[in-house]
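Visitor: Provided below: input.cif, containing mmCIF, C-alpha atoms and all ligand atoms.
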```
data_coords
#
loop_
_atom_site.label_atom_id
_atom_site.label_comp_id
_atom_site.auth_asym_id
_atom_site.auth_seq_id
_atom_site.Cartn_x
_atom_site.Cartn_y
_atom_site.Cartn_z
CA MET A 16 0.00 0.00 0.00
CA MET A 17 2.87 2.40 0.81
CA ILE A 18 3.95 2.54 -2.81
CA LEU A 19 0.54 4.07 -3.54
CA PHE A 20 0.86 6.77 -0.87
CA PRO A 21 2.04 10.22 -1.93
CA ASP A 22 4.65 12.07 0.14
CA ALA A 23 2.33 15.09 0.16
CA TYR A 24 -1.32 15.66 -0.69
CA ILE A 25 -2.46 19.18 -1.59
CA ASP A 26 -5.77 20.70 -2.63
CA SER A 27 -4.42 22.26 -5.78
CA ILE A 28 -1.18 22.95 -7.60
CA ASP A 29 -1.57 26.54 -6.41
CA GLU A 30 -0.51 25.27 -2.97
CA LEU A 31 2.80 23.98 -4.24
CA ASP A 32 5.51 25.26 -1.88
CA ILE A 33 8.47 25.64 -4.22
CA TRP A 34 10.86 26.87 -1.53
CA GLN A 35 10.06 23.98 0.77
CA LEU A 36 10.78 21.62 -2.13
CA LYS A 37 14.08 23.34 -2.77
CA ASP A 38 14.96 22.90 0.90
CA ARG A 39 14.40 19.16 0.44
CA GLY A 40 16.96 19.10 -2.37
CA ILE A 41 14.43 19.06 -5.19
CA ARG A 42 15.87 20.45 -8.43
CA ALA A 43 13.17 19.54 -10.93
CA LEU A 44 9.43 19.02 -11.26
CA ILE A 45 7.78 16.35 -13.37
CA ILE A 46 4.20 17.52 -13.78
CA ASP A 47 1.14 15.74 -15.13
CA ILE A 48 -1.09 17.84 -17.40
CA ASP A 49 -4.76 16.79 -17.31
CA ASN A 50 -6.59 17.79 -14.15
CA THR A 51 -3.29 18.64 -12.45
CA ILE A 52 -2.26 21.88 -14.12
CA ILE A 53 -5.20 22.40 -16.50
CA GLU A 54 -8.71 21.02 -16.91
CA TRP A 55 -8.94 17.73 -18.74
CA ASN A 56 -8.69 18.17 -22.53
CA VAL A 57 -8.15 21.94 -22.42
CA THR A 58 -5.41 22.53 -24.96
CA VAL A 59 -4.23 26.06 -24.14
CA PRO A 60 -2.45 26.92 -20.87
CA ASP A 61 -4.45 29.27 -18.66
CA GLU A 62 -3.16 31.86 -16.21
CA ARG A 63 -2.69 29.32 -13.41
CA ALA A 64 -0.68 26.95 -15.58
CA ARG A 65 1.58 29.79 -16.71
CA ARG A 66 2.00 31.09 -13.17
CA VAL A 67 2.93 27.68 -11.72
CA ILE A 68 5.49 26.98 -14.44
CA ASN A 69 6.94 30.49 -14.35
CA GLU A 70 7.28 30.50 -10.56
CA ALA A 71 9.08 27.16 -10.64
CA LYS A 72 11.43 28.32 -13.37
CA ALA A 73 12.08 31.63 -11.58
CA ALA A 74 13.04 29.67 -8.46
CA GLY A 75 15.59 27.75 -10.52
CA LEU A 76 13.65 24.49 -10.83
CA LYS A 77 13.60 22.60 -14.09
CA VAL A 78 10.20 21.45 -15.34
CA CYS A 79 9.10 18.60 -17.60
CA LEU A 80 5.51 17.70 -18.46
CA LEU A 81 4.79 13.96 -18.36
CA SER A 82 1.43 12.93 -19.74
CA ASN A 83 -0.42 9.85 -20.89
CA GLY A 84 -2.11 12.21 -23.36
CA THR A 85 -1.67 12.07 -27.10
CA ARG A 86 1.20 13.58 -29.07
CA LYS A 87 -0.43 16.72 -30.43
CA ARG A 88 -2.24 17.60 -27.22
CA VAL A 89 0.92 17.35 -25.14
CA ILE A 90 3.29 19.03 -27.62
CA ASP A 91 0.98 22.02 -28.20
CA PHE A 92 0.51 22.51 -24.47
CA ALA A 93 4.20 22.10 -23.58
CA ASN A 94 5.39 24.36 -26.39
CA ALA A 95 3.03 27.10 -25.23
CA LEU A 96 4.82 26.93 -21.86
CA ASN A 97 8.26 26.38 -23.36
CA VAL A 98 9.03 23.25 -21.34
CA PRO A 99 10.18 19.73 -22.32
CA TYR A 100 7.62 16.93 -22.41
CA VAL A 101 6.95 13.23 -22.66
CA TYR A 102 3.65 12.21 -24.31
CA ASN A 103 1.88 8.82 -24.51
CA ALA A 104 3.78 8.10 -21.32
CA GLY A 105 1.82 5.07 -20.18
CA LYS A 106 2.37 5.96 -16.51
CA PRO A 107 3.09 4.19 -14.16
CA ARG A 108 5.63 2.55 -16.46
CA LYS A 109 9.21 3.45 -15.53
CA SER A 110 10.61 4.21 -18.98
CA PRO A 111 8.80 7.54 -19.52
CA TYR A 112 10.10 8.76 -16.15
CA ARG A 113 13.63 7.79 -17.16
CA LYS A 114 13.13 9.71 -20.38
CA ALA A 115 12.00 12.77 -18.41
CA LEU A 116 15.06 12.41 -16.14
CA ARG A 117 17.32 12.43 -19.21
CA LEU A 118 15.61 15.54 -20.56
CA LEU A 119 16.02 17.27 -17.19
CA GLY A 120 19.52 16.03 -16.40
CA VAL A 121 18.66 15.19 -12.78
CA LYS A 122 18.50 12.14 -10.51
CA PRO A 123 15.19 10.64 -9.31
CA GLU A 124 15.78 11.81 -5.73
CA GLU A 125 16.05 15.39 -7.03
CA VAL A 126 12.57 15.27 -8.55
CA ALA A 127 9.10 16.03 -7.26
CA ALA A 128 6.53 14.17 -9.38
CA ILE A 129 3.17 15.94 -9.29
CA GLY A 130 -0.18 14.61 -10.47
CA ASP A 131 -3.84 14.00 -9.70
CA GLN A 132 -3.95 10.19 -9.99
CA ILE A 133 -2.66 7.60 -7.55
CA PHE A 134 -2.35 4.67 -9.94
CA THR A 135 -0.44 6.61 -12.58
CA ASP A 136 1.26 9.73 -11.16
CA VAL A 137 1.93 8.66 -7.57
CA LEU A 138 2.72 5.03 -8.29
CA GLY A 139 4.99 5.94 -11.21
CA GLY A 140 6.96 8.53 -9.24
CA ASN A 141 7.27 6.27 -6.20
CA ARG A 142 8.56 3.39 -8.33
CA LEU A 143 11.52 5.60 -9.29
CA GLY A 144 12.04 6.87 -5.74
CA MET A 145 10.88 10.40 -6.47
CA TYR A 146 9.16 12.73 -4.02
CA THR A 147 5.49 12.43 -4.98
CA ILE A 148 2.80 15.05 -4.62
CA LEU A 149 -0.87 14.21 -5.18
CA VAL A 150 -3.18 17.11 -6.06
CA LYS A 151 -6.96 17.03 -6.02
CA PRO A 152 -8.24 16.93 -9.63
CA ILE A 153 -9.14 20.39 -10.96
CA SER A 154 -12.48 19.17 -12.30
CA THR A 155 -14.68 16.09 -12.19
CA LYS A 156 -14.66 16.07 -15.98
CA GLU A 157 -12.26 13.32 -17.07
CA ALA A 158 -11.80 10.21 -19.15
CA LYS A 159 -14.16 7.28 -18.47
CA TRP A 160 -11.31 5.01 -17.43
CA THR A 161 -10.03 7.61 -14.98
CA ARG A 162 -13.49 7.99 -13.45
CA PHE A 163 -13.64 4.24 -13.03
CA MET A 164 -10.27 4.16 -11.28
CA ARG A 165 -11.32 6.91 -8.84
CA LYS A 166 -13.29 4.28 -6.88
CA PHE A 167 -10.09 2.40 -6.15
CA GLU A 168 -8.29 5.63 -5.41
CA GLY A 169 -10.92 6.32 -2.78
CA ILE A 170 -9.99 3.12 -0.98
CA VAL A 171 -6.30 4.06 -1.00
CA LEU A 172 -7.05 7.62 0.13
CA ASP A 173 -9.11 6.34 3.07
CA ARG A 174 -6.11 4.35 4.21
CA TYR A 175 -3.78 7.25 3.54
CA ASN A 176 -5.91 9.61 5.61
CA ARG A 177 -5.98 7.12 8.52
CA ARG A 178 -2.26 6.32 8.38
CA THR A 179 -0.24 6.73 11.56
MG MG A 201 -4.06 13.79 -14.66
#
```
Translate this file's structure into structure tokens.
Guide:
Amino acid sequence: MMILFPDAYIDSIDELDIWQLKDRGIRALIIDIDNTIIEWNVTVPDERARRVINEAKAAGLKVCLLSNGTRKRVIDFANALNVPYVYNAGKPRKSPYRKALRLLGVKPEEVAAIGDQIFTDVLGGNRLGMYTILVKPISTKEAKWTRFMRKFEGIVLDRYNRRT
């Protein structure tokens, strides 16, 4: 069960404490797109997405977007923010995380992996030994498969919330 627990759980990416992460030795962020930094299937970055990325960059953190989304969706979004990306990632597989690490030039323990799903974002980051941050999904609008998996996430989150 522990491999499914995030190191931190926040209400929204707006609550990301970049300086606290830097104090932990974090040098880079690997960030999920859909329902983490933008609403599901919205193709253009909004003000929040720009602010989060710009604040991280200004603090000296590197950023890579890591998404199970399709090529065009991910490339358009990442290019608008001028950050590297991995699309069709198939999280929680390890290989896309290794690809992101190569793009960033950092070690797993220097990365905070941020996302809204336990069985993809949290599990994937934990498998590599990254610091994982779960955010509440921006919206309830999401893919059918994701909605299905939320039931199982609920079971994990109950345990997480009652952990000692
Ligand atoms: Mg997501």
Visitor: Which residues, written as a ChimeraX atom specification, have at least one atom at most 9 Å from range 109-117 of chain A, with all atoms listed in the file counted and residues fewer than 5 positions away on the same chain left out?
Guide: /A:45,79-81,99-104,122-123,126,139-140,142-143
Visitor: Hey, which residues come within 9 Å of ligand MG 201 (chain A) if we count all atoms listed in the file? Could you give them as a list in words?
Guide: Asp47, Ile48, Asp49, Asn50, Thr51, Ile52, Ile53, Glu54, Trp55, Ser82, Asn83, Gly130, Asp131, Gln132, Thr135, Asp136, Pro152, Glu157 and Thr161 of chain A
Visitor: Write out, as an mmCIF file, in the frame of the given file, the residues just selected, with C-alpha atoms.
Guide:
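Printed below is again_16.cif as written:
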```cif
data_model
loop_
_atom_site.group_PDB
_atom_site.id
_atom_site.type_symbol
_atom_site.label_atom_id
_atom_site.label_comp_id
_atom_site.auth_asym_id
_atom_site.auth_seq_id
_atom_site.Cartn_x
_atom_site.Cartn_y
_atom_site.Cartn_z
ATOM 1 C CA ASP A 47 1.140 15.740 -15.130
ATOM 2 C CA ILE A 48 -1.090 17.840 -17.400
ATOM 3 C CA ASP A 49 -4.760 16.790 -17.310
ATOM 4 C CA ASN A 50 -6.590 17.790 -14.150
ATOM 5 C CA THR A 51 -3.290 18.640 -12.450
ATOM 6 C CA ILE A 52 -2.260 21.880 -14.120
ATOM 7 C CA ILE A 53 -5.200 22.400 -16.500
ATOM 8 C CA GLU A 54 -8.710 21.020 -16.910
ATOM 9 C CA TRP A 55 -8.940 17.730 -18.740
ATOM 10 C CA SER A 82 1.430 12.930 -19.740
ATOM 11 C CA ASN A 83 -0.420 9.850 -20.890
ATOM 12 C CA GLY A 130 -0.180 14.610 -10.470
ATOM 13 C CA ASP A 131 -3.840 14.000 -9.700
ATOM 14 C CA GLN A 132 -3.950 10.190 -9.990
ATOM 15 C CA THR A 135 -0.440 6.610 -12.580
ATOM 16 C CA ASP A 136 1.260 9.730 -11.160
ATOM 17 C CA PRO A 152 -8.240 16.930 -9.630
ATOM 18 C CA GLU A 157 -12.260 13.320 -17.070
ATOM 19 C CA THR A 161 -10.030 7.610 -14.980
#
```
Visitor: With only C-alpha atoms as the counted atoms, please give the residues lying no more than 10 Å from Gly120 in chain A, apart from itself and same-chain residues fewer than 6 positions off, as a PyMOL selection string.
Guide: chain A and resi 42-43+77+114
Visitor: Take the residues just selected and output them with C-alpha atoms as a PDB file, keeping the file's coordinate frame.
Guide:
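As written to disk, selection_19.pdb reads:
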```pdb
ATOM      1  CA  ARG A  42      15.870  20.450  -8.430  1.00  0.00           C
ATOM      2  CA  ALA A  43      13.170  19.540 -10.930  1.00  0.00           C
ATOM      3  CA  LYS A  77      13.600  22.600 -14.090  1.00  0.00           C
ATOM      4  CA  LYS A 114      13.130   9.710 -20.380  1.00  0.00           C
TER       5      LYS A 114
END
```
Visitor: Kindly give the distance, in Å, that separates CA of Ala95 in chain A and CA of Thr58 in chain A, rounded to a single decimal.
Guide: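 Distance reported for this atom pair: 9.6 Å.
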Visitor: Using only C-alpha atoms, which of the listed residues (A:Lys156, A:Val121, A:Leu172, A:Arg66) sits closest to Ile133 in chain A?
Guide: A:Leu172
Visitor: Please measure the separation of CA of Lys159 in chain A and CA of Val78 in chain A, giving the value in Å to one decimal.
Guide: 28.4 Å
